[in-house]
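Below: input.txt (compact mmCIF, N, CA and C atoms)
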```
# COMPACT_ATOMS: atom_id res chain seq x y z
N MET H 251 265.05 32.09 12.29
CA MET H 251 265.83 33.21 12.80
C MET H 251 265.08 33.86 13.96
N ALA H 252 265.79 34.18 14.99
CA ALA H 252 265.20 34.80 16.17
C ALA H 252 264.83 36.26 15.89
N LYS H 253 263.86 36.75 16.65
CA LYS H 253 263.47 38.14 16.49
C LYS H 253 264.58 39.04 17.01
N PRO H 254 264.82 40.17 16.35
CA PRO H 254 265.87 41.07 16.82
C PRO H 254 265.51 41.72 18.17
N MET H 255 266.52 42.03 18.94
CA MET H 255 266.31 42.67 20.24
C MET H 255 265.84 44.10 20.01
N THR H 256 264.81 44.51 20.73
CA THR H 256 264.30 45.87 20.61
C THR H 256 265.15 46.81 21.46
N LYS H 257 264.96 48.11 21.25
CA LYS H 257 265.71 49.09 22.03
C LYS H 257 265.37 48.96 23.51
N THR H 258 264.10 48.72 23.83
CA THR H 258 263.69 48.57 25.23
C THR H 258 264.40 47.38 25.87
N GLN H 259 264.47 46.27 25.16
CA GLN H 259 265.16 45.09 25.67
C GLN H 259 266.66 45.35 25.82
N LEU H 260 267.23 46.06 24.85
CA LEU H 260 268.65 46.39 24.90
C LEU H 260 268.96 47.30 26.09
N VAL H 261 268.12 48.30 26.32
CA VAL H 261 268.31 49.20 27.46
C VAL H 261 268.21 48.43 28.77
N ALA H 262 267.24 47.52 28.87
CA ALA H 262 267.08 46.72 30.09
C ALA H 262 268.31 45.84 30.33
N ALA H 263 268.83 45.21 29.28
CA ALA H 263 270.02 44.36 29.42
C ALA H 263 271.24 45.20 29.78
N LEU H 264 271.36 46.37 29.18
CA LEU H 264 272.48 47.26 29.47
C LEU H 264 272.41 47.75 30.91
N ALA H 265 271.22 48.09 31.38
CA ALA H 265 271.05 48.53 32.76
C ALA H 265 271.45 47.43 33.74
N GLU H 266 271.09 46.20 33.42
CA GLU H 266 271.44 45.07 34.28
C GLU H 266 272.95 44.88 34.32
N LYS H 267 273.62 44.94 33.16
CA LYS H 267 275.08 44.77 33.10
C LYS H 267 275.81 45.90 33.83
N MET H 268 275.27 47.13 33.69
CA MET H 268 275.90 48.29 34.32
C MET H 268 275.55 48.41 35.79
N GLU H 269 274.57 47.62 36.23
CA GLU H 269 274.03 47.73 37.58
C GLU H 269 273.56 49.17 37.84
N ALA H 270 272.81 49.68 36.86
CA ALA H 270 272.28 51.04 36.94
C ALA H 270 270.80 50.99 36.58
N ASP H 271 270.14 52.15 36.66
CA ASP H 271 268.72 52.17 36.30
C ASP H 271 268.57 52.28 34.77
N LYS H 272 267.37 52.04 34.30
CA LYS H 272 267.11 52.04 32.86
C LYS H 272 267.28 53.43 32.25
N LYS H 273 267.00 54.47 33.02
CA LYS H 273 267.14 55.83 32.51
C LYS H 273 268.60 56.13 32.19
N THR H 274 269.50 55.74 33.07
CA THR H 274 270.93 55.95 32.85
C THR H 274 271.43 55.12 31.67
N ALA H 275 270.99 53.87 31.60
CA ALA H 275 271.39 53.00 30.50
C ALA H 275 270.86 53.53 29.17
N GLY H 276 269.63 54.03 29.15
CA GLY H 276 269.06 54.60 27.93
C GLY H 276 269.82 55.83 27.48
N ALA H 277 270.21 56.67 28.43
CA ALA H 277 270.99 57.86 28.10
C ALA H 277 272.36 57.48 27.55
N ALA H 278 272.98 56.44 28.13
CA ALA H 278 274.28 55.98 27.65
C ALA H 278 274.17 55.44 26.23
N LEU H 279 273.13 54.67 25.96
CA LEU H 279 272.93 54.12 24.61
C LEU H 279 272.67 55.23 23.60
N ASP H 280 271.82 56.19 23.96
CA ASP H 280 271.53 57.31 23.06
C ASP H 280 272.78 58.13 22.77
N SER H 281 273.62 58.34 23.78
CA SER H 281 274.86 59.09 23.61
C SER H 281 275.81 58.35 22.68
N LEU H 282 275.91 57.04 22.84
CA LEU H 282 276.78 56.24 21.98
C LEU H 282 276.31 56.31 20.53
N VAL H 283 275.02 56.19 20.31
CA VAL H 283 274.47 56.27 18.95
C VAL H 283 274.73 57.65 18.35
N ASP H 284 274.56 58.71 19.13
CA ASP H 284 274.81 60.08 18.65
C ASP H 284 276.27 60.27 18.25
N ILE H 285 277.19 59.75 19.06
CA ILE H 285 278.61 59.87 18.77
C ILE H 285 278.96 59.14 17.48
N ILE H 286 278.49 57.91 17.33
CA ILE H 286 278.77 57.13 16.13
C ILE H 286 278.18 57.82 14.90
N THR H 287 276.94 58.29 15.01
CA THR H 287 276.27 58.95 13.88
C THR H 287 277.02 60.20 13.44
N SER H 288 277.39 61.06 14.39
CA SER H 288 278.06 62.30 14.01
C SER H 288 279.45 62.04 13.44
N GLU H 289 280.16 61.08 13.99
CA GLU H 289 281.51 60.78 13.49
C GLU H 289 281.47 60.20 12.07
N VAL H 290 280.58 59.25 11.84
CA VAL H 290 280.49 58.62 10.51
C VAL H 290 279.94 59.62 9.49
N ALA H 291 278.97 60.44 9.88
CA ALA H 291 278.43 61.45 8.97
C ALA H 291 279.48 62.47 8.58
N GLY H 292 280.44 62.71 9.47
CA GLY H 292 281.52 63.65 9.18
C GLY H 292 282.65 63.03 8.39
N GLY H 293 282.52 61.79 7.98
CA GLY H 293 283.54 61.14 7.17
C GLY H 293 284.53 60.31 7.96
N GLY H 294 284.36 60.23 9.27
CA GLY H 294 285.27 59.45 10.10
C GLY H 294 284.82 58.02 10.24
N ALA H 295 285.45 57.33 11.16
CA ALA H 295 285.13 55.94 11.43
C ALA H 295 285.14 55.72 12.93
N VAL H 296 284.36 54.75 13.38
CA VAL H 296 284.31 54.40 14.80
C VAL H 296 284.50 52.90 14.92
N THR H 297 285.42 52.49 15.77
CA THR H 297 285.65 51.08 16.03
C THR H 297 285.16 50.74 17.42
N LEU H 298 284.27 49.77 17.51
CA LEU H 298 283.82 49.25 18.80
C LEU H 298 284.55 47.92 19.00
N PRO H 299 285.52 47.87 19.91
CA PRO H 299 286.31 46.65 20.09
C PRO H 299 285.42 45.45 20.36
N GLY H 300 285.67 44.38 19.64
CA GLY H 300 284.90 43.16 19.80
C GLY H 300 283.60 43.14 19.02
N VAL H 301 283.20 44.28 18.43
CA VAL H 301 281.95 44.36 17.67
C VAL H 301 282.25 44.61 16.20
N GLY H 302 282.90 45.72 15.90
CA GLY H 302 283.22 46.02 14.52
C GLY H 302 283.54 47.48 14.31
N LYS H 303 283.64 47.84 13.04
CA LYS H 303 284.01 49.20 12.64
C LYS H 303 282.90 49.78 11.77
N PHE H 304 282.45 50.99 12.10
CA PHE H 304 281.46 51.72 11.33
C PHE H 304 282.19 52.81 10.56
N TYR H 305 281.93 52.92 9.25
CA TYR H 305 282.58 53.95 8.45
C TYR H 305 281.71 54.30 7.25
N CYS H 306 282.08 55.40 6.59
CA CYS H 306 281.33 55.88 5.44
C CYS H 306 282.19 55.71 4.19
N ARG H 307 281.56 55.25 3.12
CA ARG H 307 282.27 55.05 1.86
C ARG H 307 281.55 55.84 0.78
N GLU H 308 282.29 56.55 -0.03
CA GLU H 308 281.70 57.33 -1.11
C GLU H 308 281.62 56.46 -2.36
N ARG H 309 280.46 56.52 -3.03
CA ARG H 309 280.29 55.80 -4.28
C ARG H 309 280.24 56.81 -5.42
N PRO H 310 280.93 56.54 -6.51
CA PRO H 310 280.96 57.49 -7.62
C PRO H 310 279.65 57.49 -8.41
N GLU H 311 279.50 58.50 -9.24
CA GLU H 311 278.36 58.56 -10.16
C GLU H 311 278.43 57.35 -11.08
N ARG H 312 277.27 56.75 -11.40
CA ARG H 312 277.30 55.55 -12.22
C ARG H 312 275.99 55.39 -12.99
N MET H 313 276.02 54.51 -13.97
CA MET H 313 274.84 54.20 -14.76
C MET H 313 274.15 52.99 -14.12
N VAL H 314 272.82 53.09 -13.92
CA VAL H 314 272.03 51.99 -13.36
C VAL H 314 270.86 51.71 -14.28
N ARG H 315 270.24 50.54 -14.09
CA ARG H 315 269.14 50.14 -14.95
C ARG H 315 267.91 49.82 -14.11
N ASN H 316 266.76 50.33 -14.54
CA ASN H 316 265.49 49.99 -13.91
C ASN H 316 265.11 48.59 -14.38
N PRO H 317 265.04 47.60 -13.48
CA PRO H 317 264.76 46.23 -13.92
C PRO H 317 263.36 46.05 -14.49
N ALA H 318 262.42 46.88 -14.10
CA ALA H 318 261.04 46.74 -14.59
C ALA H 318 260.92 47.21 -16.04
N THR H 319 261.60 48.31 -16.39
CA THR H 319 261.43 48.88 -17.73
C THR H 319 262.67 48.69 -18.60
N GLY H 320 263.81 48.40 -17.99
CA GLY H 320 265.04 48.27 -18.75
C GLY H 320 265.69 49.62 -19.04
N GLU H 321 265.08 50.70 -18.60
CA GLU H 321 265.60 52.04 -18.84
C GLU H 321 266.87 52.27 -18.05
N GLN H 322 267.88 52.85 -18.70
CA GLN H 322 269.12 53.18 -18.02
C GLN H 322 269.14 54.67 -17.70
N PHE H 323 269.69 54.98 -16.51
CA PHE H 323 269.82 56.38 -16.15
C PHE H 323 271.03 56.54 -15.25
N LYS H 324 271.47 57.79 -15.11
CA LYS H 324 272.66 58.09 -14.33
C LYS H 324 272.27 58.34 -12.87
N LYS H 325 272.92 57.63 -11.97
CA LYS H 325 272.68 57.83 -10.53
C LYS H 325 273.81 58.70 -10.00
N GLU H 326 273.43 59.72 -9.27
CA GLU H 326 274.41 60.66 -8.72
C GLU H 326 275.31 59.97 -7.70
N ALA H 327 276.47 60.57 -7.46
CA ALA H 327 277.39 60.07 -6.43
C ALA H 327 276.71 60.17 -5.07
N ASP H 328 276.96 59.21 -4.22
CA ASP H 328 276.36 59.23 -2.89
C ASP H 328 277.31 58.58 -1.88
N LYS H 329 276.88 58.55 -0.65
CA LYS H 329 277.67 57.95 0.42
C LYS H 329 276.91 56.76 0.96
N GLN H 330 277.65 55.77 1.44
CA GLN H 330 277.07 54.55 1.96
C GLN H 330 277.74 54.21 3.28
N VAL H 331 276.94 53.89 4.29
CA VAL H 331 277.49 53.50 5.59
C VAL H 331 277.80 52.00 5.55
N LYS H 332 278.98 51.65 6.00
CA LYS H 332 279.41 50.26 6.01
C LYS H 332 279.77 49.85 7.43
N VAL H 333 279.63 48.56 7.71
CA VAL H 333 280.03 47.99 8.99
C VAL H 333 280.87 46.76 8.70
N THR H 334 282.07 46.74 9.26
CA THR H 334 282.92 45.56 9.17
C THR H 334 282.86 44.88 10.53
N VAL H 335 282.45 43.64 10.55
CA VAL H 335 282.28 42.90 11.80
C VAL H 335 283.65 42.43 12.30
N ALA H 336 283.87 42.57 13.60
CA ALA H 336 285.15 42.19 14.21
C ALA H 336 285.32 40.68 14.22
N LYS H 337 286.57 40.24 14.14
CA LYS H 337 286.87 38.81 14.14
C LYS H 337 286.40 38.15 15.44
N ALA H 338 286.52 38.84 16.55
CA ALA H 338 286.09 38.27 17.84
C ALA H 338 284.61 37.95 17.83
N LEU H 339 283.80 38.81 17.25
CA LEU H 339 282.36 38.57 17.17
C LEU H 339 282.06 37.41 16.23
N LYS H 340 282.74 37.37 15.09
CA LYS H 340 282.55 36.25 14.15
C LYS H 340 282.90 34.93 14.81
N ASP H 341 284.03 34.90 15.53
CA ASP H 341 284.48 33.67 16.19
C ASP H 341 283.51 33.23 17.28
N SER H 342 282.96 34.19 18.03
CA SER H 342 282.02 33.81 19.11
C SER H 342 280.70 33.28 18.54
N VAL H 343 280.30 33.78 17.38
CA VAL H 343 279.07 33.29 16.74
C VAL H 343 279.28 31.88 16.18
N ASN H 344 280.46 31.63 15.63
CA ASN H 344 280.73 30.34 14.99
C ASN H 344 281.27 29.29 15.94
N ALA H 345 281.49 29.64 17.20
CA ALA H 345 282.05 28.67 18.15
C ALA H 345 280.99 27.75 18.71
```

Structure translated into structure tokens:
Amino acid sequence: MAKPMTKTQLVAALAEKMEADKKTAGAALDSLVDIITSEVAGGGAVTLPGVGKFYCRERPERMVRNPATGEQFKKEADKQVKVTVAKALKDSVNA
């Protein structure tokens, strides 16, 4: 498996695609991440066409087991961030 792209590499690639400087590309990336984070944290969803959908799902209170000791305990309700990958991205990876 290849190493994941770092933020620095992503900003450089984005700057090249935008034909802009790295500072502008970095600000655009940070703004996009802030928008997605605030929307999903507020219970909404964000769809990036061709990439996927980011959304929050609530999980109910449930009983879980510690595998080391076998002890069961109640885990409080929580929220989980989910990402559904777009069909276009799946198809481009498998082509």

Identify, on the basis of all atoms listed in the file, every residue whose closest approach to segment 280-293 of chain H does not exceed 6 Å; exclude the query and any residue fewer than 5 positions from it along the same chain; express the result as a VMD selection string.
chain H and resid 275 305 to 306

Counting all atoms listed in the file, which residue out of H:Phe304, H:Lys253, H:Glu311, H:Pro317 sits closest to Val333 of chain H?
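Of H:Phe304, H:Lys253, H:Glu311, H:Pro317, the one nearest Val333 of chain H, counting all atoms listed in the file, is H:Phe304.
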
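When all atoms listed in the file are used to compute distances to Val331 of chain H, the closest of the residues H:Glu308, H:Ala262, H:Ala270, H:Ala278 turns out to be H:Glu308.
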
Interatomic distance (Å, one decimal) between atom CA of Lys324 of chain H and atom CA of Arg307 of chain H
19.1 Å

Can you tell me, as a PyMOL selection string, which residues in chain H count as alpha helix (DSSP H) by DSSP?
chain H and resi 257-268+272-291+337-344

If you measure from atom C of Ala336 of chain H to atom CA of Val296 of chain H, what distance in Å do you get, rounded to one decimal?
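These atoms are spaced 13.8 Å apart.
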
What gap, in Å, lies between atom CA of Lys257 of chain H and atom CA of Gln330 of chain H?
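Here the two named atoms are 23.7 Å from each other.
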
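Of the residues under consideration (H:Ala265, H:Met313, H:Ala295, H:Ala345), H:Ala295 shows the shortest atom-to-atom contact distance to Lys332 of chain H when counting only C-alpha atoms.
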
Counting all atoms listed in the file, find residues at most 8 Å from (287.5, 42.6, 11.0) (file frame) and give them as a PyMOL selection string.
chain H and resi 301-303+334-338

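Considering only C-alpha atoms, the residue among H:Ala327, H:Leu279, H:Leu339, H:Val314 positioned nearest to Val261 of chain H is H:Leu279.
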
Edge lengths and centre in Å to one decimal, as lines of an AutoDock Vina configuration file, is what I'm after for the box along x, y and z that holds all listed atoms of segment 308-313 of chain H once 4 Å is added on each side.
```
center_x = 278.2
center_y = 55.8
center_z = -7.4
size_x = 16.1
size_y = 13.6
size_z = 22.7
```

Identify, with DSSP run on backbone atoms, the residues in chain H assigned to strand (DSSP E or B), and express the list as a list in words.
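Across chain H, those assigned strand (DSSP E or B) are Ala295, Val296, Thr297, Leu298, Gly302, Lys303, Phe304, Tyr305, Cys306, Arg307, Glu308, Arg309, Arg312, Met313, Val314, Arg315, Gln322, Phe323, Lys324, Lys325, Asp328, Lys329, Gln330, Val331, Lys332, Val333, Thr334 and Val335 of chain H.
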